[in-house]
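A.B. asks: So here's input-v5.cif, just mmCIF, C-alpha atoms:
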data_run
loop_
_atom_site.group_PDB
_atom_site.id
_atom_site.type_symbol
_atom_site.label_atom_id
_atom_site.label_comp_id
_atom_site.auth_asym_id
_atom_site.auth_seq_id
_atom_site.Cartn_x
_atom_site.Cartn_y
_atom_site.Cartn_z
ATOM 1 C CA MET A 1 100.280 84.715 68.597
ATOM 2 C CA ASP A 2 102.858 84.820 65.796
ATOM 3 C CA PHE A 3 106.009 85.433 67.825
ATOM 4 C CA GLN A 4 108.221 85.513 64.718
ATOM 5 C CA GLU A 5 106.197 88.365 63.211
ATOM 6 C CA LYS A 6 106.074 90.265 66.512
ATOM 7 C CA ARG A 7 109.844 89.866 66.931
ATOM 8 C CA GLN A 8 110.552 91.340 63.505
ATOM 9 C CA GLU A 9 108.144 94.232 64.180
ATOM 10 C CA LEU A 10 109.917 95.022 67.460
ATOM 11 C CA VAL A 11 113.361 94.882 65.851
ATOM 12 C CA ASP A 12 112.186 97.199 63.054
ATOM 13 C CA LYS A 13 110.850 99.626 65.658
ATOM 14 C CA ILE A 14 114.170 99.633 67.572
ATOM 15 C CA ILE A 15 116.066 100.183 64.301
ATOM 16 C CA GLN A 16 113.822 103.157 63.494
ATOM 17 C CA ALA A 17 114.606 104.580 66.947
ATOM 18 C CA GLU A 18 118.307 104.229 66.001
ATOM 19 C CA HIS A 19 119.102 101.988 68.963
ATOM 20 C CA LEU A 20 120.017 99.099 66.655
ATOM 21 C CA LYS A 21 122.595 99.873 63.967
ATOM 22 C CA THR A 22 125.109 97.053 63.543
ATOM 23 C CA ASP A 23 124.275 94.112 61.250
ATOM 24 C CA SER A 24 125.535 91.430 63.649
ATOM 25 C CA VAL A 25 123.524 92.904 66.535
ATOM 26 C CA ILE A 26 120.391 93.286 64.395
ATOM 27 C CA GLN A 27 120.652 89.679 63.203
ATOM 28 C CA ALA A 28 121.046 88.458 66.807
ATOM 29 C CA PHE A 29 117.914 90.361 67.854
ATOM 30 C CA ARG A 30 115.997 88.955 64.877
ATOM 31 C CA LYS A 31 117.028 85.399 65.752
ATOM 32 C CA VAL A 32 116.828 85.148 69.568
ATOM 33 C CA GLN A 33 113.336 84.210 70.745
ATOM 34 C CA ARG A 34 112.571 86.528 73.659
ATOM 35 C CA GLU A 35 109.381 84.573 74.460
ATOM 36 C CA ILE A 36 111.622 81.758 75.751
ATOM 37 C CA PHE A 37 113.239 84.097 78.297
ATOM 38 C CA VAL A 38 110.076 85.475 79.936
ATOM 39 C CA LEU A 39 107.797 83.728 82.421
ATOM 40 C CA PRO A 40 104.923 81.745 80.820
ATOM 41 C CA GLU A 41 102.316 84.223 82.091
ATOM 42 C CA HIS A 42 104.103 87.078 80.295
ATOM 43 C CA LYS A 43 104.662 85.438 76.891
ATOM 44 C CA ASP A 44 102.000 87.611 75.256
ATOM 45 C CA TYR A 45 104.088 90.658 76.208
ATOM 46 C CA ALA A 46 107.429 89.223 75.082
ATOM 47 C CA TYR A 47 107.707 91.699 72.215
ATOM 48 C CA ALA A 48 106.465 94.797 73.970
ATOM 49 C CA ASP A 49 109.380 97.207 74.371
ATOM 50 C CA GLU A 50 109.261 97.119 78.144
ATOM 51 C CA PRO A 51 110.928 95.290 81.049
ATOM 52 C CA LEU A 52 109.073 92.298 82.469
ATOM 53 C CA PRO A 53 109.273 90.748 85.962
ATOM 54 C CA ILE A 54 111.028 87.407 86.386
ATOM 55 C CA PHE A 55 112.073 85.936 89.779
ATOM 56 C CA LYS A 56 113.317 87.454 93.049
ATOM 57 C CA GLY A 57 112.271 91.014 92.218
ATOM 58 C CA GLN A 58 114.470 90.953 89.093
ATOM 59 C CA THR A 59 113.438 91.867 85.548
ATOM 60 C CA ILE A 60 114.266 90.997 81.972
ATOM 61 C CA SER A 61 115.407 94.346 80.594
ATOM 62 C CA GLN A 62 113.514 96.380 78.024
ATOM 63 C CA PRO A 63 114.625 95.245 74.527
ATOM 64 C CA SER A 64 115.667 98.763 73.485
ATOM 65 C CA THR A 65 117.864 99.018 76.607
ATOM 66 C CA VAL A 66 119.483 95.670 75.763
ATOM 67 C CA ALA A 67 120.040 97.021 72.239
ATOM 68 C CA ILE A 68 121.746 100.188 73.514
ATOM 69 C CA MET A 69 124.034 98.201 75.838
ATOM 70 C CA THR A 70 124.863 95.620 73.173
ATOM 71 C CA GLU A 71 125.651 98.239 70.520
ATOM 72 C CA ALA A 72 127.900 100.095 72.992
ATOM 73 C CA LEU A 73 129.887 96.905 73.664
ATOM 74 C CA LYS A 74 130.907 96.609 69.979
ATOM 75 C CA ALA A 75 131.282 92.850 70.441
ATOM 76 C CA LYS A 76 132.826 90.870 67.593
ATOM 77 C CA LYS A 77 133.090 87.264 66.523
ATOM 78 C CA GLY A 78 135.584 85.420 68.705
ATOM 79 C CA ASN A 79 135.305 87.848 71.648
ATOM 80 C CA ASN A 80 135.504 86.585 75.236
ATOM 81 C CA ILE A 81 132.675 88.354 77.117
ATOM 82 C CA LEU A 82 131.723 88.499 80.790
ATOM 83 C CA GLU A 83 128.149 89.351 81.785
ATOM 84 C CA ILE A 84 127.221 90.177 85.380
ATOM 85 C CA GLY A 85 123.565 89.436 86.114
ATOM 86 C CA SER A 86 122.336 86.613 83.879
ATOM 87 C CA GLY A 87 118.684 87.239 84.675
ATOM 88 C CA SER A 88 116.709 84.911 82.428
ATOM 89 C CA GLY A 89 119.607 84.591 79.971
ATOM 90 C CA TYR A 90 118.331 86.891 77.197
ATOM 91 C CA GLN A 91 121.355 89.227 77.013
ATOM 92 C CA ALA A 92 123.712 86.229 77.107
ATOM 93 C CA ALA A 93 121.809 84.641 74.207
ATOM 94 C CA ILE A 94 122.130 87.830 72.131
ATOM 95 C CA LEU A 95 125.874 87.990 72.845
ATOM 96 C CA SER A 96 126.217 84.262 72.127
ATOM 97 C CA GLU A 97 124.918 84.852 68.587
ATOM 98 C CA ILE A 98 127.295 87.786 68.034
ATOM 99 C CA VAL A 99 130.534 86.149 69.242
ATOM 100 C CA GLY A 100 129.850 82.894 67.412
ATOM 101 C CA SER A 101 131.335 79.441 67.932
ATOM 102 C CA LYS A 102 134.888 80.746 68.405
ATOM 103 C CA GLY A 103 133.783 83.238 71.067
ATOM 104 C CA ARG A 104 132.632 82.744 74.647
ATOM 105 C CA VAL A 105 130.112 84.337 76.981
ATOM 106 C CA VAL A 106 130.632 83.837 80.715
ATOM 107 C CA THR A 107 127.534 84.945 82.618
ATOM 108 C CA ILE A 108 127.180 85.115 86.416
ATOM 109 C CA GLU A 109 123.924 85.093 88.413
ATOM 110 C CA ARG A 110 123.695 85.230 92.211
ATOM 111 C CA HIS A 111 120.057 84.050 92.566
ATOM 112 C CA HIS A 112 119.792 80.245 92.465
ATOM 113 C CA ASP A 113 116.272 80.165 90.967
ATOM 114 C CA LEU A 114 117.256 82.629 88.246
ATOM 115 C CA ALA A 115 120.493 80.775 87.521
ATOM 116 C CA GLU A 116 118.514 77.567 87.013
ATOM 117 C CA PHE A 117 115.951 79.371 84.807
ATOM 118 C CA ALA A 118 118.694 80.956 82.688
ATOM 119 C CA LYS A 119 120.568 77.650 82.416
ATOM 120 C CA LYS A 120 117.439 75.992 81.017
ATOM 121 C CA ASN A 121 116.820 78.873 78.587
ATOM 122 C CA LEU A 122 120.430 78.778 77.345
ATOM 123 C CA GLU A 123 120.557 75.023 76.757
ATOM 124 C CA GLY A 124 122.306 74.149 73.514
ATOM 125 C CA ARG A 125 124.430 77.307 73.454
ATOM 126 C CA GLU A 126 127.843 75.702 73.740
ATOM 127 C CA ASN A 127 129.666 79.051 73.812
ATOM 128 C CA VAL A 128 127.894 80.162 77.017
ATOM 129 C CA ILE A 129 129.139 79.307 80.525
ATOM 130 C CA LEU A 130 126.734 80.126 83.359
ATOM 131 C CA ILE A 131 128.119 80.485 86.878
ATOM 132 C CA GLU A 132 126.118 80.899 90.080
ATOM 133 C CA GLY A 133 127.821 83.342 92.463
ATOM 134 C CA ASP A 134 128.829 86.908 93.297
ATOM 135 C CA GLY A 135 129.228 88.674 89.965
ATOM 136 C CA THR A 136 131.086 91.626 91.481
ATOM 137 C CA LEU A 137 134.087 89.287 91.872
ATOM 138 C CA GLY A 138 134.013 88.436 88.177
ATOM 139 C CA CYS A 139 135.508 85.115 87.087
ATOM 140 C CA GLN A 140 139.297 84.963 86.994
ATOM 141 C CA GLU A 141 139.266 81.475 85.464
ATOM 142 C CA TYR A 142 138.270 82.758 81.999
ATOM 143 C CA ALA A 143 139.891 86.235 82.185
ATOM 144 C CA PRO A 144 140.962 88.459 80.550
ATOM 145 C CA TYR A 145 137.752 89.595 78.849
ATOM 146 C CA ASP A 146 137.431 91.646 75.672
ATOM 147 C CA ARG A 147 134.091 92.986 76.844
ATOM 148 C CA ILE A 148 132.205 93.124 80.164
ATOM 149 C CA VAL A 149 128.551 94.077 80.626
ATOM 150 C CA ILE A 150 126.888 94.660 84.003
ATOM 151 C CA THR A 151 123.095 94.491 83.956
ATOM 152 C CA ALA A 152 122.490 95.981 87.419
ATOM 153 C CA GLU A 153 123.088 99.434 88.890
ATOM 154 C CA ALA A 154 126.352 99.752 90.824
ATOM 155 C CA PRO A 155 127.866 102.409 93.119
ATOM 156 C CA ASP A 156 131.034 102.264 90.985
ATOM 157 C CA VAL A 157 132.900 99.877 88.686
ATOM 158 C CA PRO A 158 133.901 96.847 90.794
ATOM 159 C CA LYS A 159 137.718 96.688 90.856
ATOM 160 C CA PRO A 160 137.894 92.926 90.130
ATOM 161 C CA LEU A 161 135.985 93.528 86.891
ATOM 162 C CA LEU A 162 138.342 96.301 85.781
ATOM 163 C CA ASP A 163 141.297 94.044 86.615
ATOM 164 C CA GLN A 164 139.812 91.235 84.487
ATOM 165 C CA LEU A 165 139.121 93.522 81.491
ATOM 166 C CA ARG A 166 141.696 93.250 78.722
ATOM 167 C CA ASP A 167 143.701 96.357 77.806
ATOM 168 C CA LYS A 168 141.671 98.362 75.246
ATOM 169 C CA GLY A 169 138.625 96.361 76.359
ATOM 170 C CA LEU A 170 135.159 97.868 76.793
ATOM 171 C CA LEU A 171 132.831 97.660 79.791
ATOM 172 C CA VAL A 172 129.203 98.830 80.023
ATOM 173 C CA ILE A 173 127.777 99.557 83.477
ATOM 174 C CA PRO A 174 124.957 101.557 85.065
ATOM 175 C CA ILE A 175 126.364 103.701 87.910
ATOM 176 C CA GLY A 176 123.555 105.295 89.874
ATOM 177 C CA ASN A 177 120.858 106.006 87.291
ATOM 178 C CA GLU A 178 123.347 106.731 84.486
ATOM 179 C CA MET A 179 124.837 104.165 82.129
ATOM 180 C CA PHE A 180 128.479 104.421 81.106
ATOM 181 C CA LEU A 181 130.792 102.952 78.504
ATOM 182 C CA ILE A 182 134.203 102.392 80.098
ATOM 183 C CA GLU A 183 137.344 101.880 78.011
ATOM 184 C CA LYS A 184 140.538 100.592 79.594
ATOM 185 C CA LYS A 185 143.732 102.026 78.088
ATOM 186 C CA GLY A 186 146.740 100.952 80.116
ATOM 187 C CA ASN A 187 146.469 102.761 83.449
ATOM 188 C CA LYS A 188 143.859 105.194 82.107
ATOM 189 C CA ILE A 189 140.108 104.717 82.127
ATOM 190 C CA GLY A 190 137.919 106.467 79.551
ATOM 191 C CA LYS A 191 134.281 107.086 80.487
ATOM 192 C CA LYS A 192 131.343 108.038 78.246
ATOM 193 C CA SER A 193 127.695 108.489 79.259
ATOM 194 C CA LEU A 194 125.093 106.428 77.396
ATOM 195 C CA GLY A 195 122.095 108.083 79.056
ATOM 196 C CA TYR A 196 119.813 107.477 82.028
ATOM 197 C CA PHE A 197 118.159 104.142 82.844
ATOM 198 C CA ALA A 198 116.567 102.277 85.736
ATOM 199 C CA PHE A 199 118.128 98.982 86.874
ATOM 200 C CA VAL A 200 117.914 96.765 89.948
ATOM 201 C CA PRO A 201 120.886 97.201 92.369
ATOM 202 C CA LEU A 202 124.098 95.224 91.923
ATOM 203 C CA VAL A 203 124.456 93.193 95.115
ATOM 204 C CA GLY A 204 127.787 91.670 96.095
ATOM 205 C CA LYS A 205 131.086 92.227 97.859
ATOM 206 C CA HIS A 206 131.988 95.078 95.473
ATOM 207 C CA GLY A 207 128.425 96.306 94.985
ATOM 208 C CA TYR A 208 125.688 97.080 97.485
ATOM 209 C CA GLY A 209 126.569 94.754 100.364
ATOM 210 C CA ARG A 210 127.436 91.103 100.318
ATOM 211 C CA ALA A 211 125.639 88.603 98.088
#
Take the structure I supplied and represent it as structure tokens, if you would.
C.D. replies:
Amino acid sequence: MDFQEKRQELVDKIIQAEHLKTDSVIQAFRKVQREIFVLPEHKDYAYADEPLPIFKGQTISQPSTVAIMTEALKAKKGNNILEIGSGSGYQAAILSEIVGSKGRVVTIERHHDLAEFAKKNLEGRENVILIEGDGTLGCQEYAPYDRIVITAEAPDVPKPLLDQLRDKGLLVIPIGNEMFLIEKKGNKIGKKSLGYFAFVPLVGKHGYGRA
């Protein structure tokens, strides 16, 4: 299978659906090899626009969903980004391309097997730091963050994540079955719906139970 050709076809399809619009995001999607981030038995489906199972009942998100979340983040070169739920590392790889060598992506995964899988898939990306632990606590060490993305469905925005978001920073999170773009402006929080999606639950101290 010609993965390069399939990747370009998928990106073109997502552009036509108007889920990909920004040059830096489009270029990241054209470059990152999704076949690396799926299990070997699912490589033939790497460029189908659908979620695929990985480990521990988790999934690698549908490419168009990743596109919608990434576009909403409005990430820029040099940004410091926190991702909650590394999965196989695909979203972190996309963000790694966008923020460039002067930026940083901190990604947290609570499942050991997934953390190890993602770490292997992200090898060579010097601007990515992968941490194994409870993502709902965030990571104070590298805060504040310009952008935060949560790739699991939460009951609400975990307070530690809001606290670690820079003023005028953006956060994307699924709450229930609806995805929101959150903007922090001083003591005020702006909230905009991005539509309805299905995600696995966010487990942790500030999610659904303890990790």
A.B. asks: Please identify all polymer residues within 6 Å of segment 145-149 of chain A, counting only C-alpha atoms, omitting same-chain residues fewer than 6 positions from it, and present them as a PyMOL selection string.
C.D. replies: chain A and resi 79-83+165-166+169-172
A.B. asks: Closest to Pro174 of chain A among A:Leu95, A:Leu10, A:Ile129, A:Met69, using all atoms listed in the file?
C.D. replies: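 Comparing A:Leu95, A:Leu10, A:Ile129, A:Met69 against Pro174 of chain A, the winner is A:Met69.
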A.B. asks: Can you translate the PyMOL selection byres ((chain A and resi 31-47) around 12) into the concrete residues it hits in this file, as a count of residues only?
C.D. replies: 59
A.B. asks: To one decimal place, how far is atom CA of Gly103 of chain A from atom CA of Glu116 of chain A in Å?
C.D. replies: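 According to the coordinates, atom CA of Gly103 of chain A and atom CA of Glu116 of chain A are separated by 22.8 Å.
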A.B. asks: Given the choices A:Lys77, A:Lys205, A:Lys159, A:Lys56, which gets closest to His111 of chain A if the distance is worked out from only C-alpha atoms?
C.D. replies: A:Lys56
A.B. asks: What is the atom CA of Ile108 of chain A-atom CA of Gln140 of chain A distance in Å, reported with one decimal?
C.D. replies: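 Taking atom CA of Ile108 of chain A as the start and atom CA of Gln140 of chain A as the end point, the length is 12.1 Å.
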A.B. asks: Interatomic distance between atom CA of Glu153 of chain A and atom CA of Ala115 of chain A?
C.D. replies: 18.9 Å
A.B. asks: Show which residues sit within 7 Å of Lys192 of chain A, as a PyMOL selection string. Count all atoms listed in the file, and ignore same-chain residues fewer than 4 positions away.
C.D. replies: chain A and resi 180-182
A.B. asks: Hey, what comes out of the PyMOL selection byres ((chain A and resi 135) around 12) on this file? Could you write it as an mmCIF file with C-alpha atoms, in the frame of the given file?
C.D. replies:
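Result saved to selection.cif:
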data_model
loop_
_atom_site.group_PDB
_atom_site.id
_atom_site.type_symbol
_atom_site.label_atom_id
_atom_site.label_comp_id
_atom_site.auth_asym_id
_atom_site.auth_seq_id
_atom_site.Cartn_x
_atom_site.Cartn_y
_atom_site.Cartn_z
ATOM 1 C CA LEU A 82 131.723 88.499 80.790
ATOM 2 C CA GLU A 83 128.149 89.351 81.785
ATOM 3 C CA ILE A 84 127.221 90.177 85.380
ATOM 4 C CA GLY A 85 123.565 89.436 86.114
ATOM 5 C CA SER A 86 122.336 86.613 83.879
ATOM 6 C CA GLY A 87 118.684 87.239 84.675
ATOM 7 C CA VAL A 106 130.632 83.837 80.715
ATOM 8 C CA THR A 107 127.534 84.945 82.618
ATOM 9 C CA ILE A 108 127.180 85.115 86.416
ATOM 10 C CA GLU A 109 123.924 85.093 88.413
ATOM 11 C CA ARG A 110 123.695 85.230 92.211
ATOM 12 C CA HIS A 111 120.057 84.050 92.566
ATOM 13 C CA LEU A 130 126.734 80.126 83.359
ATOM 14 C CA ILE A 131 128.119 80.485 86.878
ATOM 15 C CA GLU A 132 126.118 80.899 90.080
ATOM 16 C CA GLY A 133 127.821 83.342 92.463
ATOM 17 C CA ASP A 134 128.829 86.908 93.297
ATOM 18 C CA THR A 136 131.086 91.626 91.481
ATOM 19 C CA LEU A 137 134.087 89.287 91.872
ATOM 20 C CA GLY A 138 134.013 88.436 88.177
ATOM 21 C CA CYS A 139 135.508 85.115 87.087
ATOM 22 C CA GLN A 140 139.297 84.963 86.994
ATOM 23 C CA ILE A 148 132.205 93.124 80.164
ATOM 24 C CA VAL A 149 128.551 94.077 80.626
ATOM 25 C CA ILE A 150 126.888 94.660 84.003
ATOM 26 C CA THR A 151 123.095 94.491 83.956
ATOM 27 C CA ALA A 152 122.490 95.981 87.419
ATOM 28 C CA ALA A 154 126.352 99.752 90.824
ATOM 29 C CA VAL A 157 132.900 99.877 88.686
ATOM 30 C CA PRO A 158 133.901 96.847 90.794
ATOM 31 C CA LYS A 159 137.718 96.688 90.856
ATOM 32 C CA PRO A 160 137.894 92.926 90.130
ATOM 33 C CA LEU A 161 135.985 93.528 86.891
ATOM 34 C CA LEU A 202 124.098 95.224 91.923
ATOM 35 C CA VAL A 203 124.456 93.193 95.115
ATOM 36 C CA GLY A 204 127.787 91.670 96.095
ATOM 37 C CA LYS A 205 131.086 92.227 97.859
ATOM 38 C CA HIS A 206 131.988 95.078 95.473
ATOM 39 C CA GLY A 207 128.425 96.306 94.985
ATOM 40 C CA TYR A 208 125.688 97.080 97.485
ATOM 41 C CA ARG A 210 127.436 91.103 100.318
ATOM 42 C CA ALA A 211 125.639 88.603 98.088
#
A.B. asks: Quick one: 4 Å padding each side, axis-aligned, all listed atoms of segment 114-133 of chain A - centre and edge lengths in Å to one decimal, as JSON?
C.D. replies:
{"center_x": 122.8, "center_y": 78.7, "center_z": 83.0, "size_x": 21.7, "size_y": 17.2, "size_z": 27.0}
A.B. asks: To verify the selection step, state as a list in words which residues the PyMOL selection byres ((chain A and resi 184) around 6) yields on this input.
C.D. replies: Asp167, Lys168, Gly169, Glu183, Lys185 and Ile189 of chain A
A.B. asks: What's around segment 193-196 of chain A at 6 Å? Count only C-alpha atoms, leave out sequence neighbours fewer than 3 positions away in its own chain, and write the answer as number ranges by chain.
C.D. replies: A: 177-180
A.B. asks: Mind dumping the selected residues with C-alpha atoms as a PDB file, keeping the file's coordinate frame?
C.D. replies:
ATOM      1  CA  ASN A 177     120.858 106.006  87.291  1.00  0.00           C
ATOM      2  CA  GLU A 178     123.347 106.731  84.486  1.00  0.00           C
ATOM      3  CA  MET A 179     124.837 104.165  82.129  1.00  0.00           C
ATOM      4  CA  PHE A 180     128.479 104.421  81.106  1.00  0.00           C
TER       5      PHE A 180
END
A.B. asks: Choose the residue, out of A:Pro201, A:Gly57, A:Ser101, A:Gly190, that has the smallest atom-to-atom separation from Gly124 of chain A; count only C-alpha atoms.
C.D. replies: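 Checking each of A:Pro201, A:Gly57, A:Ser101, A:Gly190 against Gly124 of chain A, counting only C-alpha atoms, the winner is A:Ser101.
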A.B. asks: Pick from A:Leu162, A:Glu126, A:Pro155, A:Gly176: nearest to Phe199 of chain A, with all atoms listed in the file counted?
C.D. replies: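 For Phe199 of chain A, the nearest of the candidates is A:Gly176.
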